[in-house]
Protein chains: 2
Amino acid sequence: MTERPFHHGNLRAELLERAEIMLRQRGVDELSLRELAREAGVSHGAPRTHFVDRRALLDALAVRGFERLSASMQASGSREPDDHIAGLTASAHAYVEFATGDAALLEVMWSAVKEKDAAAEVLAAVGQFFATVEAQVAAGIASGSLIGHDVERMTLLISATMHGIGAFASAGRTTPEQNDALIDDAIAGWSA
Amino acid sequence: MTERPFHHGNLRAELLERAEIMLRQRGVDELSLRELAREAGVSHGAPRTHFVDRRALLDALAVRGFERLSASMQASGSREPDDHIAGLTASAHAYVEFATGDAALLEVMWSAVKEKDAAAEVLAAVGQFFATVEAQVAAGIASGSLIGHDVERMTLLISATMHGIGAFASAGRTTPEQNDALIDDAIAGWSA
DNA sequence: ACCTGAACACCGTTCAAGT
DNA sequence: ACCTGAACACCGTTCAAGT
């Protein structure tokens with residue numbers, strides 16, 4: 001039985017890991033820094049070294065979330081390099097899947113963006129998300145498979161629609177089959 | 001200077017009123033039952049008589065919110081009795097306006113719906129909201145101005161899109177002009 | 001029926017002190 | 001540089017007691 005060393009060594013990463021799980025199981029409201037510290041076996045003051053306050057932890061979770069979401073959407077979309085509509089549809093599915101699988105995290109992500117003085121890393125992360133959608137939209141418009149010439153406007157519309165479908169899905173107001181149908185309907189409306 | 005009577009007489013209504021204001025000014029996280037009681041000039045235990053717990057207060061706020069939102073959308077939509085597309089557009093504008101003017105309340109509303117064991121009144125209220133959208137969608141489809149024959153599917157899609165645009169708008173990611181454009185683009189895609 | 005006020009268990013945050 | 005542990009101010013919730 002080696003004694004616990006004074007330095008945890010990996011506390012920041014462990015706190016983020018545990019926080020993501022706690023978020024998934026019990027939601028934001030139940031996410032407590034003190035409980036996290038307890039589970040990690042450190043004193044309640046320890047997290048302070050890595051996260052100045054609760055919001056800093058949530059911001060870090062938001063950044064990781066956007067990175068994972070963007071990567072997932074990019075991967076899904078690029079599996080259809082020739083069919084931009086199919087790529088966008090796959091990307092939208094990835095968003096909705098994230099929304100149902102990590103509903104609380106997605107809430108944390110968007111509310112981190114919404115803060116008046118949102119952290120720079122958070123803004124960068126959400127920017128990366130929009131850039132991912134925009135790239136697919138731009139390709140679709142350029143190839144003539146997507147209507148509209150204003151890329152930004154189309155990016156916002158498609159992002160907003162994905163967001164809305166994801167919200168309803170995670171609220172349990174739609175079945176997975178309905179989600180698929182909604183995504184198809186939405187994108188069909190904007191296909192050239 | 002008459003002394004404060006033992007019975008407040010109107011505590012439930014006052015708490016709801018103050019809570020809505022507090023929500024608008026400082027968000028859900030800052031909404032405290034104790035502070036509300038303090039402001040109303042009653043003891044911290046007093047709210048208990050009217051709301052068993054914090055969630056019961058939020059549920060009541062959600063119900064009121066859905067009622068107000070539905071009424072506003074219905075009013076906006078019915079100002080265009082002959083043009084169902086214009087009616088739906090006006091209704092969508094009302095939603096987005098609510099989303100920007102009462103962002104925190106709208107969050108409370110949807111998260112009340114999302115609770116595992118959501119209160120019956122909350123479910124009834126959100127049902128009323130969907131019924132409002134559905135009536136407009138059904139009229140649009142029946143008159144041939146809106147594509148699609150599946151009313152439920154179209155209702156979900158339009159609701160989800162409004163929700164998404166409202167979320168982006170309240171997050172400050174879009175300007176009012178962009179919101180108008182997004183709503184027009186969305187509905188244009190579904191017009192026959 | 002409605003409200004008071006003490007009590008309890010939990011927070012987030014701060015900060016001197018230890019390693 | 002990282003962590004401990006006491007201290008502080010704040011919660012939500014419970015409940016006997018008062019009107």
# chains A, B, ... in the order shown; residues from 1 in each chain; ligands from 1
>>> interface_residues(of="chain C", to="chain B", cutoff="7 Å", atoms="only C-alpha atoms (C1' of nucleotides)", output="PDB file with N, CA and C atoms (P, O5', C5', C4', C3', O3' and C1' of nucleotides), in the first residue's frame")
ATOM      1  P    DC C   2     -53.307  29.136   1.840  1.00  0.00           P
ATOM      2  O5'  DC C   2     -52.284  29.825   2.845  1.00  0.00           O
ATOM      3  C5'  DC C   2     -52.567  31.137   3.315  1.00  0.00           C
ATOM      4  C4'  DC C   2     -51.545  31.515   4.342  1.00  0.00           C
ATOM      5  C3'  DC C   2     -50.112  31.589   3.807  1.00  0.00           C
ATOM      6  O3'  DC C   2     -49.719  32.953   3.854  1.00  0.00           O
ATOM      7  C1'  DC C   2     -50.209  30.545   5.932  1.00  0.00           C
ATOM      8  P    DC C   3     -48.320  33.424   3.209  1.00  0.00           P
ATOM      9  O5'  DC C   3     -47.373  33.352   4.487  1.00  0.00           O
ATOM     10  C5'  DC C   3     -47.578  34.297   5.536  1.00  0.00           C
ATOM     11  C4'  DC C   3     -46.758  33.916   6.732  1.00  0.00           C
ATOM     12  C3'  DC C   3     -45.240  33.932   6.534  1.00  0.00           C
ATOM     13  O3'  DC C   3     -44.717  35.082   7.201  1.00  0.00           O
ATOM     14  C1'  DC C   3     -45.980  32.065   7.837  1.00  0.00           C
ATOM     15  P    DT C   4     -43.121  35.280   7.328  1.00  0.00           P
ATOM     16  O5'  DT C   4     -42.800  34.525   8.698  1.00  0.00           O
ATOM     17  C5'  DT C   4     -43.325  35.022   9.907  1.00  0.00           C
ATOM     18  C4'  DT C   4     -42.660  34.350  11.094  1.00  0.00           C
ATOM     19  C3'  DT C   4     -41.134  34.492  11.142  1.00  0.00           C
ATOM     20  O3'  DT C   4     -40.766  34.890  12.455  1.00  0.00           O
ATOM     21  C1'  DT C   4     -41.743  32.199  11.290  1.00  0.00           C
TER      22       DT C   4
END
>>> interface_residues(of="chain A", to="chain B", cutoff="6 Å", atoms="only C-alpha atoms", output="short mmCIF file (atom, residue, chain, number, x, y, z; two decimals) with C-alpha atoms, in the first residue's frame")
data_model
loop_
_atom_site.label_atom_id
_atom_site.label_comp_id
_atom_site.auth_asym_id
_atom_site.auth_seq_id
_atom_site.Cartn_x
_atom_site.Cartn_y
_atom_site.Cartn_z
CA LYS A 114 -23.56 32.71 -24.22
CA LEU A 157 -29.59 28.33 -40.91
CA ALA A 160 -29.61 26.48 -36.11
CA THR A 161 -31.78 23.73 -37.51
CA HIS A 163 -29.32 22.67 -32.97
CA GLY A 164 -33.10 22.73 -32.77
CA ILE A 165 -33.52 19.13 -33.83
CA ALA A 171 -35.64 16.51 -24.65
CA LEU A 182 -36.40 15.76 -39.74
CA GLY A 189 -35.66 21.81 -48.55
#
>>> residues_around(residues="region 7-17 of chain D", least_positions_apart="4", cutoff="12 Å", atoms="only C-alpha atoms (C1' of nucleotides)", output="number ranges by chain")
B: 29-35, 44-45, 47-48, 51-55; C: 3-16
>>> residues_around(residues="region 74-76 of chain A", least_positions_apart="3", cutoff="7 Å", atoms="only C-alpha atoms (C1' of nucleotides)", output="ChimeraX atom specification")
/A:70-71,79,87,90-91,94,132
>>> write_last_selection(atoms="N, CA, C and O atoms", output="PDB file, in the first residue's frame")
ATOM      1  N   SER A  70     -16.885  18.946 -33.277  1.00  0.00           N
ATOM      2  CA  SER A  70     -16.401  19.367 -34.596  1.00  0.00           C
ATOM      3  C   SER A  70     -15.687  18.224 -35.305  1.00  0.00           C
ATOM      4  O   SER A  70     -15.909  17.981 -36.499  1.00  0.00           O
ATOM      5  N   ALA A  71     -14.854  17.525 -34.554  1.00  0.00           N
ATOM      6  CA  ALA A  71     -14.108  16.409 -35.137  1.00  0.00           C
ATOM      7  C   ALA A  71     -15.069  15.334 -35.638  1.00  0.00           C
ATOM      8  O   ALA A  71     -14.904  14.789 -36.734  1.00  0.00           O
ATOM      9  N   ARG A  79     -16.819  11.398 -45.017  1.00  0.00           N
ATOM     10  CA  ARG A  79     -16.985  10.031 -45.507  1.00  0.00           C
ATOM     11  C   ARG A  79     -17.749  10.020 -46.828  1.00  0.00           C
ATOM     12  O   ARG A  79     -17.866   9.000 -47.487  1.00  0.00           O
ATOM     13  N   GLY A  87     -23.033  14.307 -47.276  1.00  0.00           N
ATOM     14  CA  GLY A  87     -22.048  14.675 -46.273  1.00  0.00           C
ATOM     15  C   GLY A  87     -22.654  15.550 -45.186  1.00  0.00           C
ATOM     16  O   GLY A  87     -22.447  15.332 -43.994  1.00  0.00           O
ATOM     17  N   ALA A  90     -24.938  13.520 -43.019  1.00  0.00           N
ATOM     18  CA  ALA A  90     -24.170  12.714 -42.067  1.00  0.00           C
ATOM     19  C   ALA A  90     -23.661  13.575 -40.922  1.00  0.00           C
ATOM     20  O   ALA A  90     -23.661  13.176 -39.754  1.00  0.00           O
ATOM     21  N   SER A  91     -23.250  14.771 -41.274  1.00  0.00           N
ATOM     22  CA  SER A  91     -22.746  15.711 -40.285  1.00  0.00           C
ATOM     23  C   SER A  91     -23.857  16.093 -39.301  1.00  0.00           C
ATOM     24  O   SER A  91     -23.639  16.156 -38.086  1.00  0.00           O
ATOM     25  N   ALA A  94     -24.455  13.420 -36.898  1.00  0.00           N
ATOM     26  CA  ALA A  94     -23.427  13.413 -35.854  1.00  0.00           C
ATOM     27  C   ALA A  94     -23.766  14.432 -34.768  1.00  0.00           C
ATOM     28  O   ALA A  94     -23.604  14.169 -33.576  1.00  0.00           O
ATOM     29  N   THR A 132     -16.387  24.390 -39.319  1.00  0.00           N
ATOM     30  CA  THR A 132     -16.601  23.036 -39.831  1.00  0.00           C
ATOM     31  C   THR A 132     -17.868  22.964 -40.676  1.00  0.00           C
ATOM     32  O   THR A 132     -17.879  22.413 -41.783  1.00  0.00           O
TER      33      THR A 132
END
>>> closest_residue(among="B:Ala120, B:Met73, B:Arg38, B:Met22", to="Ala135 (chain B)", atoms="only C-alpha atoms")
B:Met73
>>> select_by_dssp(residues="region 132-166 of chain B", states="alpha helix (DSSP H)", output="VMD selection string")
chain B and resid 132 to 142 151 to 166
>>> residues_around(residues="His149 (chain A)", least_positions_apart="6", cutoff="9 Å", atoms="only C-alpha atoms (C1' of nucleotides)", output="list in words")
Ala138, Ile141 and Ala142 of chain A
>>> write_last_selection(atoms="C-alpha atoms", output="compact mmCIF listing (two decimals), in the first residue's frame")
# COMPACT_ATOMS: atom_id res chain seq x y z
CA ALA A 138 -19.49 26.22 -48.98
CA ILE A 141 -23.06 25.63 -52.67
CA ALA A 142 -19.98 25.65 -54.89
>>> decode(residues="region 5-134 of chain A", atoms="C-alpha atoms", output="compact mmCIF listing (two decimals), in the first residue's frame")
# COMPACT_ATOMS: atom_id res chain seq x y z
CA PRO A 5 1.70 11.24 -2.85
CA PHE A 6 1.22 14.93 -2.12
CA HIS A 7 1.13 15.66 -5.80
CA HIS A 8 -1.71 13.99 -7.59
CA GLY A 9 0.17 14.47 -10.82
CA ASN A 10 -2.79 14.34 -13.10
CA LEU A 11 -5.51 16.16 -11.25
CA ARG A 12 -6.62 18.51 -13.99
CA ALA A 13 -7.21 15.72 -16.48
CA GLU A 14 -8.92 13.53 -13.91
CA LEU A 15 -11.27 16.28 -12.83
CA LEU A 16 -12.30 16.93 -16.43
CA GLU A 17 -12.81 13.22 -17.01
CA ARG A 18 -14.94 12.74 -13.91
CA ALA A 19 -16.85 15.94 -14.59
CA GLU A 20 -17.84 14.74 -18.03
CA ILE A 21 -19.17 11.51 -16.58
CA MET A 22 -21.01 13.29 -13.79
CA LEU A 23 -22.49 15.64 -16.33
CA ARG A 24 -23.75 12.72 -18.37
CA GLN A 25 -25.23 10.98 -15.37
CA ARG A 26 -26.70 13.81 -13.38
CA GLY A 27 -26.63 17.10 -15.29
CA VAL A 28 -25.00 20.48 -14.69
CA ASP A 29 -26.90 21.40 -11.57
CA GLU A 30 -25.55 18.38 -9.74
CA LEU A 31 -21.98 18.99 -10.83
CA SER A 32 -20.11 20.01 -7.70
CA LEU A 33 -16.45 20.91 -7.42
CA ARG A 34 -16.33 19.56 -3.91
CA GLU A 35 -17.79 16.23 -4.90
CA LEU A 36 -15.38 16.02 -7.81
CA ALA A 37 -12.47 16.67 -5.46
CA ARG A 38 -13.77 14.05 -3.04
CA GLU A 39 -14.02 11.45 -5.80
CA ALA A 40 -10.53 12.25 -6.98
CA GLY A 41 -9.28 11.88 -3.41
CA VAL A 42 -8.01 15.41 -2.97
CA SER A 43 -9.04 18.23 -0.68
CA HIS A 44 -11.85 20.54 -1.75
CA GLY A 45 -9.38 23.35 -2.30
CA ALA A 46 -7.21 21.40 -4.70
CA PRO A 47 -9.16 22.01 -7.92
CA ARG A 48 -8.52 25.71 -7.44
CA THR A 49 -4.99 25.28 -8.71
CA HIS A 50 -6.28 24.09 -12.08
CA PHE A 51 -9.60 25.90 -12.34
CA VAL A 52 -10.00 29.28 -10.69
CA ASP A 53 -13.70 28.71 -10.23
CA ARG A 54 -16.58 26.49 -11.23
CA ARG A 55 -17.10 28.36 -14.43
CA ALA A 56 -13.50 27.80 -15.50
CA LEU A 57 -14.12 24.07 -15.22
CA LEU A 58 -17.31 24.36 -17.27
CA ASP A 59 -15.47 26.44 -19.85
CA ALA A 60 -12.78 23.78 -20.15
CA LEU A 61 -15.48 21.14 -20.60
CA ALA A 62 -17.12 23.30 -23.25
CA VAL A 63 -13.88 23.65 -25.20
CA ARG A 64 -13.29 19.90 -25.14
CA GLY A 65 -16.90 19.36 -26.15
CA PHE A 66 -16.74 21.62 -29.17
CA GLU A 67 -13.49 20.01 -30.25
CA ARG A 68 -14.99 16.54 -30.05
CA LEU A 69 -18.20 17.60 -31.75
CA SER A 70 -16.40 19.37 -34.60
CA ALA A 71 -14.11 16.41 -35.14
CA SER A 72 -17.04 14.03 -35.20
CA MET A 73 -18.97 16.14 -37.70
CA GLN A 74 -15.94 16.57 -39.90
CA ALA A 75 -15.28 12.83 -39.89
CA SER A 76 -18.91 12.03 -40.70
CA GLY A 77 -19.06 14.60 -43.46
CA SER A 78 -15.85 13.61 -45.13
CA ARG A 79 -16.98 10.03 -45.51
CA GLU A 80 -19.04 11.33 -48.46
CA PRO A 81 -16.44 13.35 -50.38
CA ASP A 82 -18.41 13.42 -53.62
CA ASP A 83 -21.97 13.92 -52.40
CA HIS A 84 -22.13 17.14 -50.39
CA ILE A 85 -25.76 16.69 -49.49
CA ALA A 86 -25.05 13.25 -48.09
CA GLY A 87 -22.05 14.68 -46.27
CA LEU A 88 -24.09 17.43 -44.69
CA THR A 89 -26.76 14.94 -43.71
CA ALA A 90 -24.17 12.71 -42.07
CA SER A 91 -22.75 15.71 -40.28
CA ALA A 92 -26.18 16.67 -38.99
CA HIS A 93 -26.69 13.15 -37.75
CA ALA A 94 -23.43 13.41 -35.85
CA TYR A 95 -24.65 16.62 -34.21
CA VAL A 96 -27.94 15.07 -33.16
CA GLU A 97 -26.17 12.00 -31.89
CA PHE A 98 -23.94 14.21 -29.75
CA ALA A 99 -27.00 16.09 -28.54
CA THR A 100 -28.70 12.93 -27.32
CA GLY A 101 -25.58 11.24 -26.00
CA ASP A 102 -24.18 14.29 -24.23
CA ALA A 103 -27.18 16.53 -23.72
CA ALA A 104 -25.91 18.16 -20.54
CA LEU A 105 -22.48 18.76 -22.01
CA LEU A 106 -23.99 20.39 -25.08
CA GLU A 107 -25.97 22.69 -22.80
CA VAL A 108 -22.78 23.59 -20.97
CA MET A 109 -21.12 24.27 -24.30
CA TRP A 110 -23.72 26.68 -25.60
CA SER A 111 -24.17 28.41 -22.30
CA ALA A 112 -20.41 28.94 -22.08
CA VAL A 113 -20.63 30.65 -25.46
CA LYS A 114 -23.56 32.71 -24.22
CA GLU A 115 -21.78 34.23 -21.24
CA LYS A 116 -21.33 37.96 -21.51
CA ASP A 117 -17.57 37.80 -21.14
CA ALA A 118 -17.05 34.39 -22.70
CA ALA A 119 -13.52 33.03 -22.47
CA ALA A 120 -11.34 33.38 -25.55
CA GLU A 121 -10.77 29.62 -25.78
CA VAL A 122 -14.50 29.03 -25.73
CA LEU A 123 -15.04 31.50 -28.55
CA ALA A 124 -12.23 29.89 -30.50
CA ALA A 125 -13.78 26.46 -30.00
CA VAL A 126 -17.25 27.50 -31.13
CA GLY A 127 -15.61 29.29 -34.05
CA GLN A 128 -14.03 26.02 -35.03
CA PHE A 129 -17.45 24.39 -34.90
CA PHE A 130 -18.99 26.97 -37.21
CA ALA A 131 -15.99 26.76 -39.52
CA THR A 132 -16.60 23.04 -39.83
CA VAL A 133 -20.21 23.55 -40.88
CA GLU A 134 -19.28 26.43 -43.13
